[in-house]
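Source file: start07.csv (CSV, C-alpha atoms)
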chain,number,residue,atom,x,y,z
A,140,GLY,CA,72.0,15.8,-18.2
A,141,ALA,CA,69.1,17.0,-16.1
A,142,VAL,CA,65.7,16.6,-17.7
A,143,VAL,CA,63.8,18.4,-14.9
A,144,SER,CA,65.2,21.6,-13.4
A,145,GLN,CA,64.3,23.5,-10.3
A,146,HIS,CA,65.0,27.1,-9.4
A,147,PRO,CA,66.3,28.2,-7.0
A,148,SER,CA,68.3,25.3,-5.7
A,149,TRP,CA,68.3,26.9,-2.3
A,150,VAL,CA,66.6,29.9,-0.7
A,151,ILE,CA,66.6,31.5,2.7
A,152,CYS,CA,63.6,33.7,3.6
A,153,LYS,CA,62.2,35.5,6.6
A,154,SER,CA,59.2,34.2,8.4
A,155,GLY,CA,56.0,35.7,6.9
A,156,THR,CA,57.3,36.1,3.4
A,157,SER,CA,56.4,34.1,0.3
A,158,VAL,CA,58.7,32.0,-1.8
A,159,LYS,CA,58.2,30.7,-5.3
A,160,ILE,CA,59.9,27.6,-6.6
A,161,GLU,CA,59.9,26.7,-10.3
A,162,CYS,CA,60.0,23.3,-11.9
A,163,ARG,CA,60.7,22.9,-15.6
A,164,SER,CA,60.8,19.9,-17.9
A,165,LEU,CA,63.6,20.6,-20.2
A,166,ASP,CA,63.1,18.4,-23.2
A,167,PHE,CA,59.6,16.8,-22.9
A,168,GLN,CA,56.1,18.0,-22.2
A,169,ALA,CA,54.8,17.5,-18.7
A,170,THR,CA,51.0,17.6,-18.5
A,171,THR,CA,51.3,16.3,-14.9
A,172,MET,CA,53.9,17.2,-12.4
A,173,PHE,CA,54.2,16.1,-8.8
A,174,TRP,CA,55.5,18.1,-5.8
A,175,TYR,CA,57.2,16.3,-2.9
A,176,ARG,CA,58.5,17.4,0.4
A,177,GLN,CA,61.5,15.6,2.0
A,178,PHE,CA,62.6,16.0,5.6
A,179,PRO,CA,66.2,15.2,6.6
A,180,LYS,CA,66.8,11.4,6.7
A,181,GLN,CA,63.2,10.8,5.7
A,182,SER,CA,61.2,9.7,2.7
A,183,LEU,CA,59.5,11.9,0.1
A,184,MET,CA,56.0,12.9,1.0
A,185,LEU,CA,53.8,13.7,-1.9
A,186,MET,CA,52.2,17.1,-1.5
A,187,ALA,CA,50.2,17.6,-4.6
A,188,THR,CA,49.7,16.7,-8.3
A,189,SER,CA,50.0,19.6,-10.6
A,190,ASN,CA,47.9,19.4,-13.8
A,191,GLU,CA,48.5,21.7,-16.8
A,192,GLY,CA,45.7,24.1,-17.3
A,193,SER,CA,43.7,23.0,-14.3
A,194,LYS,CA,43.7,23.1,-10.5
A,195,ALA,CA,46.2,21.0,-8.6
A,196,THR,CA,45.1,18.0,-6.5
A,197,TYR,CA,46.4,18.1,-3.0
A,198,GLU,CA,47.1,15.2,-0.7
A,199,GLN,CA,45.3,14.9,2.5
A,200,GLY,CA,46.6,17.2,5.2
A,201,VAL,CA,48.4,19.6,2.8
A,202,GLU,CA,47.1,23.2,3.0
A,203,LYS,CA,46.2,24.3,-0.5
A,204,ASP,CA,46.1,27.9,0.5
A,205,LYS,CA,49.6,27.7,1.9
A,206,PHE,CA,51.2,25.8,-0.9
A,207,LEU,CA,49.9,27.4,-4.1
A,208,ILE,CA,50.6,25.5,-7.3
A,209,ASN,CA,50.3,26.8,-10.8
A,210,HIS,CA,50.9,24.8,-13.9
A,211,ALA,CA,50.5,27.3,-16.7
A,212,SER,CA,52.4,25.5,-19.5
A,213,LEU,CA,53.4,22.1,-20.5
A,214,THR,CA,57.0,22.7,-19.2
A,215,LEU,CA,56.5,24.8,-16.1
A,216,SER,CA,54.9,24.3,-12.7
A,217,THR,CA,55.4,26.6,-9.8
A,218,LEU,CA,55.0,26.0,-6.0
A,219,THR,CA,54.6,29.1,-3.9
A,220,VAL,CA,55.0,28.8,-0.2
A,221,THR,CA,52.9,31.6,1.2
A,222,SER,CA,53.5,33.3,4.6
A,223,ALA,CA,56.3,30.9,5.3
A,224,HIS,CA,57.2,29.8,8.8
A,225,PRO,CA,60.2,27.9,10.1
A,226,GLU,CA,58.2,24.6,10.1
A,227,ASP,CA,58.0,25.0,6.3
A,228,SER,CA,61.8,24.6,6.1
A,229,SER,CA,62.4,21.5,4.0
A,230,PHE,CA,63.6,20.1,0.8
A,231,TYR,CA,61.1,20.4,-2.0
A,232,ILE,CA,61.3,18.2,-5.0
A,233,CYS,CA,59.3,18.1,-8.2
A,234,SER,CA,58.9,15.3,-10.8
A,235,SER,CA,57.1,14.4,-13.9
A,236,TRP,CA,56.5,11.3,-16.0
A,237,GLY,CA,58.0,11.6,-19.4
A,238,GLU,CA,59.2,9.6,-22.4
A,239,ARG,CA,62.5,10.6,-23.8
A,240,GLU,CA,65.0,8.3,-25.3
A,241,GLY,CA,63.9,5.3,-23.3
A,242,PRO,CA,60.7,3.9,-21.8
A,243,TYR,CA,58.2,6.1,-19.9
A,244,GLU,CA,59.7,6.9,-16.4
A,245,GLN,CA,59.4,9.5,-13.7
A,246,TYR,CA,62.1,12.2,-13.8
A,247,PHE,CA,62.9,14.1,-10.7
A,248,GLY,CA,64.3,17.6,-10.2
A,249,PRO,CA,67.4,18.2,-8.1
A,250,GLY,CA,65.3,19.8,-5.3
A,251,THR,CA,65.1,23.2,-3.6
A,252,ARG,CA,66.3,23.6,-0.1
A,253,LEU,CA,64.0,26.2,1.7
A,254,THR,CA,65.1,27.6,5.0
A,255,VAL,CA,62.8,30.0,6.8
A,256,THR,CA,64.3,32.1,9.6
B,236,GLY,CA,46.4,1.3,2.2
B,237,ASN,CA,49.4,1.1,0.0
B,238,SER,CA,52.8,1.4,1.7
B,239,VAL,CA,56.5,0.6,1.4
B,240,THR,CA,58.8,-0.4,4.2
B,241,GLN,CA,62.6,-0.4,3.9
B,242,MET,CA,65.3,-1.6,6.2
B,243,GLU,CA,66.7,1.2,8.3
B,244,GLY,CA,70.0,2.7,7.6
B,245,PRO,CA,72.7,3.8,7.6
B,246,VAL,CA,74.3,0.7,6.1
B,247,THR,CA,78.1,0.8,6.1
B,248,LEU,CA,80.0,-1.6,4.0
B,249,SER,CA,83.6,-2.1,2.9
B,250,GLU,CA,84.3,-1.9,-0.8
B,251,GLU,CA,83.6,-5.2,-2.7
B,252,ALA,CA,81.2,-6.4,0.0
B,253,PHE,CA,77.8,-7.9,-0.8
B,254,LEU,CA,74.8,-5.5,-0.5
B,255,THR,CA,71.2,-6.3,0.4
B,256,ILE,CA,68.6,-3.6,1.2
B,257,ASN,CA,65.3,-5.1,2.1
B,258,CYS,CA,62.0,-3.7,0.8
B,259,THR,CA,58.5,-5.0,1.4
B,260,TYR,CA,55.3,-3.5,0.3
B,261,THR,CA,51.6,-3.5,1.0
B,262,ALA,CA,49.3,-2.8,-1.9
B,263,THR,CA,46.0,-3.7,-3.5
B,264,GLY,CA,46.2,-5.1,-6.9
B,265,TYR,CA,49.5,-5.5,-8.7
B,266,PRO,CA,51.7,-2.4,-8.5
B,267,SER,CA,54.9,-1.7,-10.3
B,268,LEU,CA,58.0,-1.6,-8.1
B,269,PHE,CA,61.0,0.7,-8.4
B,270,TRP,CA,64.4,1.4,-6.8
B,271,TYR,CA,65.6,5.0,-7.0
B,272,VAL,CA,69.0,6.3,-6.0
B,273,GLN,CA,69.8,9.8,-4.7
B,274,TYR,CA,73.5,10.7,-4.8
B,275,PRO,CA,74.6,13.6,-2.5
B,276,GLY,CA,73.4,16.9,-3.8
B,277,GLU,CA,71.5,15.4,-6.7
B,278,GLY,CA,67.9,14.5,-7.6
B,279,LEU,CA,66.5,11.0,-7.5
B,280,GLN,CA,67.4,8.7,-10.4
B,281,LEU,CA,65.6,5.6,-11.5
B,282,LEU,CA,67.9,2.6,-10.7
B,283,LEU,CA,65.7,-0.3,-11.8
B,284,LYS,CA,62.1,-1.4,-12.0
B,285,ALA,CA,59.8,-4.4,-12.3
B,286,THR,CA,56.3,-4.3,-13.5
B,287,LYS,CA,55.0,-7.8,-12.6
B,288,ALA,CA,55.5,-10.8,-10.4
B,289,ASP,CA,58.8,-12.6,-10.9
B,290,ASP,CA,60.3,-9.9,-13.0
B,291,LYS,CA,63.9,-9.0,-12.2
B,292,GLY,CA,65.1,-5.5,-12.7
B,293,SER,CA,68.8,-4.9,-13.1
B,294,ASN,CA,71.1,-2.0,-13.7
B,295,LYS,CA,74.7,-1.1,-12.9
B,296,GLY,CA,75.3,-4.4,-11.1
B,297,PHE,CA,72.2,-3.9,-8.9
B,298,GLU,CA,69.2,-6.2,-9.2
B,299,ALA,CA,65.9,-6.8,-7.5
B,300,THR,CA,63.2,-9.4,-8.1
B,301,TYR,CA,59.5,-8.8,-7.7
B,302,ARG,CA,58.3,-11.4,-5.2
B,303,LYS,CA,54.5,-11.4,-5.0
B,304,GLU,CA,54.4,-14.3,-2.5
B,305,THR,CA,56.5,-12.4,0.0
B,306,THR,CA,55.5,-8.9,-1.2
B,307,SER,CA,59.2,-8.0,-1.4
B,308,PHE,CA,61.6,-6.3,-3.8
B,309,HIS,CA,65.0,-6.5,-2.1
B,310,LEU,CA,67.9,-4.7,-3.7
B,311,GLU,CA,71.2,-6.6,-4.1
B,312,LYS,CA,74.6,-6.0,-5.5
B,313,GLY,CA,77.4,-8.5,-5.4
B,314,SER,CA,80.3,-6.1,-5.0
B,315,VAL,CA,79.7,-2.5,-3.9
B,316,GLN,CA,82.0,0.4,-4.8
B,317,VAL,CA,82.7,3.7,-3.0
B,318,SER,CA,80.8,5.4,-5.8
B,319,ASP,CA,77.6,3.5,-4.7
B,320,SER,CA,77.4,5.6,-1.6
B,321,ALA,CA,74.0,7.2,-1.8
B,322,VAL,CA,70.5,7.0,-0.4
B,323,TYR,CA,68.3,4.3,-1.9
B,324,PHE,CA,64.5,4.5,-2.1
B,325,CYS,CA,62.1,1.6,-2.8
B,326,ALA,CA,58.8,2.8,-4.3
B,327,LEU,CA,55.6,1.4,-5.7
B,328,LEU,CA,53.3,2.8,-8.4
B,329,TYR,CA,49.6,2.4,-8.1
B,330,ASN,CA,47.3,3.6,-10.8
B,331,GLN,CA,45.7,6.6,-9.1
B,332,GLY,CA,47.2,9.3,-11.3
B,333,GLY,CA,50.7,7.9,-11.6
B,334,LYS,CA,51.6,8.6,-8.0
B,335,LEU,CA,54.7,6.9,-6.5
B,336,ILE,CA,54.7,5.8,-2.8
B,337,PHE,CA,58.2,5.8,-1.4
B,338,GLY,CA,59.8,3.9,1.4
B,339,GLN,CA,61.8,5.9,4.0
B,340,GLY,CA,65.1,5.5,2.2
B,341,THR,CA,68.2,3.7,3.2
B,342,GLU,CA,71.6,5.4,3.3
B,343,LEU,CA,74.5,3.4,2.1
B,344,SER,CA,78.1,4.3,2.9
B,345,VAL,CA,80.8,2.3,1.2
B,346,LYS,CA,84.3,2.6,2.7
B,347,PRO,CA,87.5,2.0,0.7
Would you write the structure of this file as structure tokens?
Amino acid sequence: GAVVSQHPSWVICKSGTSVKIECRSLDFQATTMFWYRQFPKQSLMLMATSNEGSKATYEQGVEKDKFLINHASLTLSTLTVTSAHPEDSSFYICSSWGEREGPYEQYFGPGTRLTVT
Amino acid sequence: GNSVTQMEGPVTLSEEAFLTINCTYTATGYPSLFWYVQYPGEGLQLLLKATKADDKGSNKGFEATYRKETTSFHLEKGSVQVSDSAVYFCALLYNQGGKLIFGQGTELSVKP
């Protein structure tokens, strides 16, 4: 079963509003989570690294004031897209390194499809 | 900088055909290499990995060998099934905080 969940799985919002996406590790502690953006037919682009109890580290070119990341606990990180615009429409994916039954590997959430109208 | 390049898709094969998806990388040092698979409507799943040169990763009939001399990690399967239809991503891990760098993905479609 899924080890990293995301909520919601899809969301439609109006331009100018803010949207929060949750990422949870279900049966392991995630001190670090990663947020990716995936455009249709394209690869995953790392947006930021979310660290529990501290500020996120953003990749070059990613607006930290637009994509707010909060990692308040060892199992939850949130990405808030503020003042969303149509160009923010995308598939957002979170992931975390974890060690469960097998070796250490990176687990991915199922993704959240954001459509801004 | 570090990067991963995959062959472009989509790749369309008939069931039981042989599959190769090419992946080459550019990296400083000695990265670990991965293949992930994304089935329709699902998240990425680790398919296989290799952590050093000449290692062969294998899983579910897929395999890939870490070739340092050609900086490649090509994915192969001897006989594909319809259920293998998915998008396949090659990735490398470098040590800056456990970040993965992904190739652009290759869509595979297997017809019965």
Exercise answer, chain B residues close to chain A, 9 Å and all atoms listed in the file, as JSON, numbers by chain
{"B": [276, 277, 278, 279, 280, 281, 324, 332, 333, 334, 335, 336, 337, 338, 339, 340, 341, 342]}
Put those residues in a file: C-alpha atoms, as a short mmCIF file (atom, residue, chain, number, x, y, z; two decimals), in the frame of the given file.
data_model
loop_
_atom_site.label_atom_id
_atom_site.label_comp_id
_atom_site.auth_asym_id
_atom_site.auth_seq_id
_atom_site.Cartn_x
_atom_site.Cartn_y
_atom_site.Cartn_z
CA GLY B 276 73.40 16.90 -3.80
CA GLU B 277 71.50 15.40 -6.70
CA GLY B 278 67.90 14.50 -7.60
CA LEU B 279 66.50 11.00 -7.50
CA GLN B 280 67.40 8.70 -10.40
CA LEU B 281 65.60 5.60 -11.50
CA PHE B 324 64.50 4.50 -2.10
CA GLY B 332 47.20 9.30 -11.30
CA GLY B 333 50.70 7.90 -11.60
CA LYS B 334 51.60 8.60 -8.00
CA LEU B 335 54.70 6.90 -6.50
CA ILE B 336 54.70 5.80 -2.80
CA PHE B 337 58.20 5.80 -1.40
CA GLY B 338 59.80 3.90 1.40
CA GLN B 339 61.80 5.90 4.00
CA GLY B 340 65.10 5.50 2.20
CA THR B 341 68.20 3.70 3.20
CA GLU B 342 71.60 5.40 3.30
#
Atom-to-atom span, CA of Val246 (chain B) and CA of Tyr329 (chain B), Å
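Computing the Euclidean distance for CA of Val246 (chain B) and CA of Tyr329 (chain B) yields 28.5 Å.
When CA of Asp290 (chain B) is paired with CA of Met242 (chain B), their separation reads 21.5 Å.
Interatomic distance, CA of Ser222 (chain A) to CA of Lys205 (chain A): 7.3 Å.
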Within 7 Å of Arg252 (chain A), counting all atoms listed in the file, which residues qualify if same-chain residues fewer than 5 places away don't, as a PyMOL selection string?
chain A and resi 148-150+229-231
